[in-house]
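Undergrad: File structure28.cif follows (mmCIF, C-alpha atoms):
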data_model
#
loop_
_atom_site.label_atom_id
_atom_site.label_comp_id
_atom_site.auth_asym_id
_atom_site.auth_seq_id
_atom_site.Cartn_x
_atom_site.Cartn_y
_atom_site.Cartn_z
CA GLY N 11 -21.45 -9.70 -13.57
CA PHE N 12 -19.98 -10.65 -10.23
CA GLU N 13 -17.37 -13.34 -9.71
CA PHE N 14 -16.38 -14.87 -6.40
CA CYS N 15 -12.93 -16.13 -5.43
CA ILE N 16 -13.78 -19.43 -3.75
CA LEU N 17 -10.12 -20.55 -3.48
CA ARG N 18 -8.96 -17.30 -1.89
CA ASN N 19 -7.33 -19.23 0.99
CA GLU N 20 -4.99 -20.75 -1.61
CA SER N 21 -3.95 -17.44 -3.24
CA VAL N 22 -6.10 -18.32 -6.23
CA CYS N 23 -8.49 -15.74 -7.66
CA GLY N 24 -8.86 -15.90 -11.42
CA PRO N 25 -10.32 -12.42 -11.98
CA THR N 26 -7.51 -10.61 -10.13
CA GLN N 27 -4.72 -12.90 -11.38
CA VAL N 28 -5.41 -12.34 -15.07
CA ALA N 29 -6.72 -8.79 -14.99
CA THR N 30 -5.55 -7.04 -18.15
CA GLN N 31 -7.60 -3.92 -17.50
CA ASP N 32 -8.79 -1.96 -14.49
CA MET N 33 -11.15 -3.91 -12.26
CA ASP N 34 -13.69 -2.90 -9.60
CA PHE N 35 -14.27 -5.06 -6.55
CA VAL N 36 -16.46 -4.87 -3.44
CA LEU N 37 -15.76 -5.86 0.16
CA TYR N 38 -18.85 -6.71 2.23
CA ASN N 39 -19.13 -6.60 6.02
CA GLY N 40 -22.08 -8.57 7.42
CA LEU N 41 -21.26 -7.70 11.03
CA ALA N 42 -23.06 -5.07 13.10
CA GLN N 43 -19.77 -3.27 13.74
CA ARG N 44 -17.26 -1.48 11.55
CA ARG N 45 -14.31 -3.63 10.47
CA SER N 46 -10.75 -2.62 9.70
CA GLU N 47 -8.85 -5.50 8.12
CA VAL N 48 -5.81 -6.22 5.98
CA VAL N 49 -7.02 -7.50 2.62
CA GLU N 50 -4.95 -9.93 0.55
CA LEU N 51 -5.59 -10.21 -3.19
CA PRO N 52 -3.61 -12.51 -5.49
CA VAL N 53 -2.43 -10.42 -8.44
CA ALA N 54 -0.32 -10.79 -11.54
CA GLY N 55 1.77 -7.77 -12.39
CA HIS N 56 1.97 -4.36 -10.82
CA VAL N 57 -1.27 -2.83 -9.61
CA ARG N 58 -2.44 -0.15 -7.20
CA VAL N 59 -5.67 0.23 -5.28
CA LEU N 60 -8.05 3.20 -5.48
CA ASP N 61 -10.99 3.82 -3.19
CA SER N 62 -14.45 4.70 -4.52
CA ASP N 63 -13.48 8.39 -4.66
CA GLY N 64 -10.43 7.65 -6.84
CA ASN N 65 -7.89 8.22 -4.05
CA ASP N 66 -4.81 6.01 -3.79
CA VAL N 67 -4.93 3.45 -0.97
CA ASN N 68 -1.62 2.52 0.63
CA SER N 69 -0.74 -0.98 -0.52
CA GLN N 70 2.15 -3.38 -0.88
CA ILE N 71 2.86 -6.29 -3.23
CA VAL N 72 4.59 -9.26 -1.59
CA PRO N 73 5.56 -12.74 -2.84
CA SER N 74 2.81 -15.34 -2.36
CA PRO N 75 3.54 -18.64 -0.64
CA PRO N 76 3.44 -21.71 -2.91
CA THR N 77 -0.03 -23.14 -3.50
CA LEU N 78 -0.32 -26.91 -3.60
CA THR N 79 -3.19 -29.34 -3.89
CA ASN N 80 -3.65 -32.27 -1.50
CA TYR N 81 -1.59 -34.31 -3.97
CA GLY N 82 1.39 -31.94 -4.04
CA SER N 83 0.79 -30.41 -7.47
CA ASN N 84 0.64 -26.68 -8.13
CA SER N 85 -2.90 -25.31 -7.77
CA GLY N 86 -2.29 -22.24 -9.94
CA GLY N 87 -1.80 -19.66 -7.23
CA SER N 88 -0.57 -16.19 -7.97
CA PRO N 89 3.15 -15.47 -7.51
CA GLN N 90 2.26 -12.12 -5.89
CA THR N 91 -0.20 -10.90 -3.27
CA LEU N 92 -1.45 -7.33 -2.92
CA LEU N 93 -1.93 -6.20 0.70
CA PHE N 94 -3.90 -3.16 1.82
CA LYS N 95 -5.95 -2.02 4.82
CA ALA N 96 -9.70 -1.70 4.29
CA ASP N 97 -12.22 0.00 6.54
CA VAL N 98 -15.71 -1.35 5.86
CA PRO N 99 -18.83 0.06 7.58
CA ALA N 100 -21.15 -2.08 9.71
CA MET N 101 -23.66 -4.08 7.66
CA GLY N 102 -22.29 -2.44 4.53
CA PHE N 103 -19.76 -2.54 1.75
CA LYS N 104 -16.86 -0.58 0.31
CA ALA N 105 -15.91 -0.44 -3.36
CA TYR N 106 -12.34 -0.39 -4.62
CA ARG N 107 -10.60 -0.44 -8.00
CA LEU N 108 -7.45 -2.28 -9.10
CA VAL N 109 -5.46 -0.22 -11.58
CA SER N 110 -2.56 -1.60 -13.59
CA THR N 111 0.65 0.38 -13.11
CA GLN N 112 2.88 -1.68 -15.41
CA SER N 113 3.79 1.27 -17.64
CA THR N 114 4.35 3.72 -14.78
CA ILE N 115 6.48 1.18 -12.90
CA ALA N 116 8.66 0.60 -15.96
CA ALA N 117 9.16 4.35 -16.40
CA ALA N 118 10.01 4.78 -12.72
CA LEU N 119 12.55 1.96 -12.84
CA VAL N 120 14.29 3.57 -15.78
CA ALA N 121 14.32 6.98 -14.08
CA THR N 122 15.48 5.88 -10.62
CA THR N 123 17.26 3.00 -8.97
CA THR N 124 17.07 2.39 -5.25
CA PRO N 125 20.22 1.12 -3.54
CA SER N 126 19.93 -1.79 -1.16
CA THR N 127 20.01 -1.32 2.60
CA THR N 128 21.75 -3.73 4.98
CA LEU N 129 21.01 -4.24 8.67
CA GLU N 130 23.43 -6.44 10.57
CA ASN N 131 24.72 -7.55 13.94
CA ASP N 132 27.37 -10.07 15.03
CA PHE N 133 25.25 -13.02 13.90
CA VAL N 134 23.15 -12.11 10.87
CA ALA N 135 23.01 -9.59 7.99
CA LEU N 136 19.69 -8.64 6.34
CA GLU N 137 19.72 -6.97 2.93
CA PHE N 138 16.65 -5.09 1.71
CA CYS N 139 16.14 -4.34 -1.99
CA ASP N 140 13.32 -1.94 -2.88
CA ASN N 141 12.01 -2.17 0.70
CA THR N 142 11.75 -5.97 0.47
CA LEU N 143 13.96 -8.47 2.25
CA CYS N 144 16.09 -9.96 -0.52
CA LYS N 145 19.02 -11.66 1.27
CA ILE N 146 19.79 -13.15 4.69
CA THR N 147 23.37 -14.01 5.61
CA ASN N 148 24.18 -16.12 8.66
CA LYS N 149 27.57 -14.83 9.86
CA ASP N 150 27.98 -17.74 12.25
CA SER N 151 28.53 -20.33 9.52
#
Can you give me the file's structure in the form of structure tokens?

TA:
Amino acid sequence: GFEFCILRNESVCGPTQVATQDMDFVLYNGLAQRRSEVVELPVAGHVRVLDSDGNDVNSQIVPSPPTLTNYGSNSGGSPQTLLFKADVPAMGFKAYRLVSTQSTIAAALVATTTPSTTLENDFVALEFCDNTLCKITNKDS
């Protein structure tokens, strides 16, 4: 059956956060024009996105912002968000599949290590680890 993520604006989507196996999902466009949008899905673990033909879709996993209720308690949001660009036809839908890559990621990490990259000027230094900003140093202080 279908499940909807009604708390999507809070990075909460139970089906994608606890997916232990591959999962299909559908994006619907009710407009009379084609839409090209960045899709954000809360995920747990390492996943990749495939289109309906089984082709890899470029995607990125980024840290999710904290999710809090009106009373300041944690609302159970995912620690990670998957981002990818989706092109959905007018008055139509597009199907995708989330595929777990936990085992392939672990093998890749054992086989290769990526050195960090630092960009800096007279005021600040930015360090990137695995293409993600991991450290900011203020040289002024």

Undergrad: Identify all residues satisfying the PyMOL selection byres ((chain N and resi 102) around 7) in the given file; provide them as number ranges by chain.

TA: N: 38-40, 98-101, 103

Undergrad: Give me the residues near Thr26 in chain N as a count of residues only, where near means some atom within 9 Å (using all atoms listed in the file) and where sequence neighbours in that chain fewer than 6 positions away do not count.

TA: 6

Undergrad: Skip Asp150 in chain N itself and residues of its chain fewer than 4 positions away, then list as a ChimeraX atom specification all residues within 10 Å of it, counting all atoms listed in the file.

TA: /N:132-134

Undergrad: For C-alpha atoms, I'd like the residues from the last selection saved as a JSON list (two decimals), keeping the file's coordinate frame.

TA:
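The resulting again35.json:
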[["chain", "number", "residue", "atom", "x", "y", "z"],
["N", 132, "ASP", "CA", 27.37, -10.07, 15.03],
["N", 133, "PHE", "CA", 25.25, -13.02, 13.90],
["N", 134, "VAL", "CA", 23.15, -12.11, 10.87]]

Undergrad: Starting from the displayed file, determine the output of the PyMOL selection byres ((chain N and resi 59) around 6) and express the residue list as a count of residues only.

TA: 5

Undergrad: With 8 Å of padding per side, what axis-aligned box (centre and edge lengths, Å, one decimal) covers all the listed atoms of range 138-142 of chain N? Give it as JSON.

TA:
{"center_x": 14.2, "center_y": -4.0, "center_z": -0.6, "size_x": 20.9, "size_y": 20.0, "size_z": 20.6}

Undergrad: When you draw a straight line from CA of Thr91 in chain N to CA of Gln70 in chain N, how long is it in Å?

TA: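 CA of Thr91 in chain N sits 8.2 Å away from CA of Gln70 in chain N.
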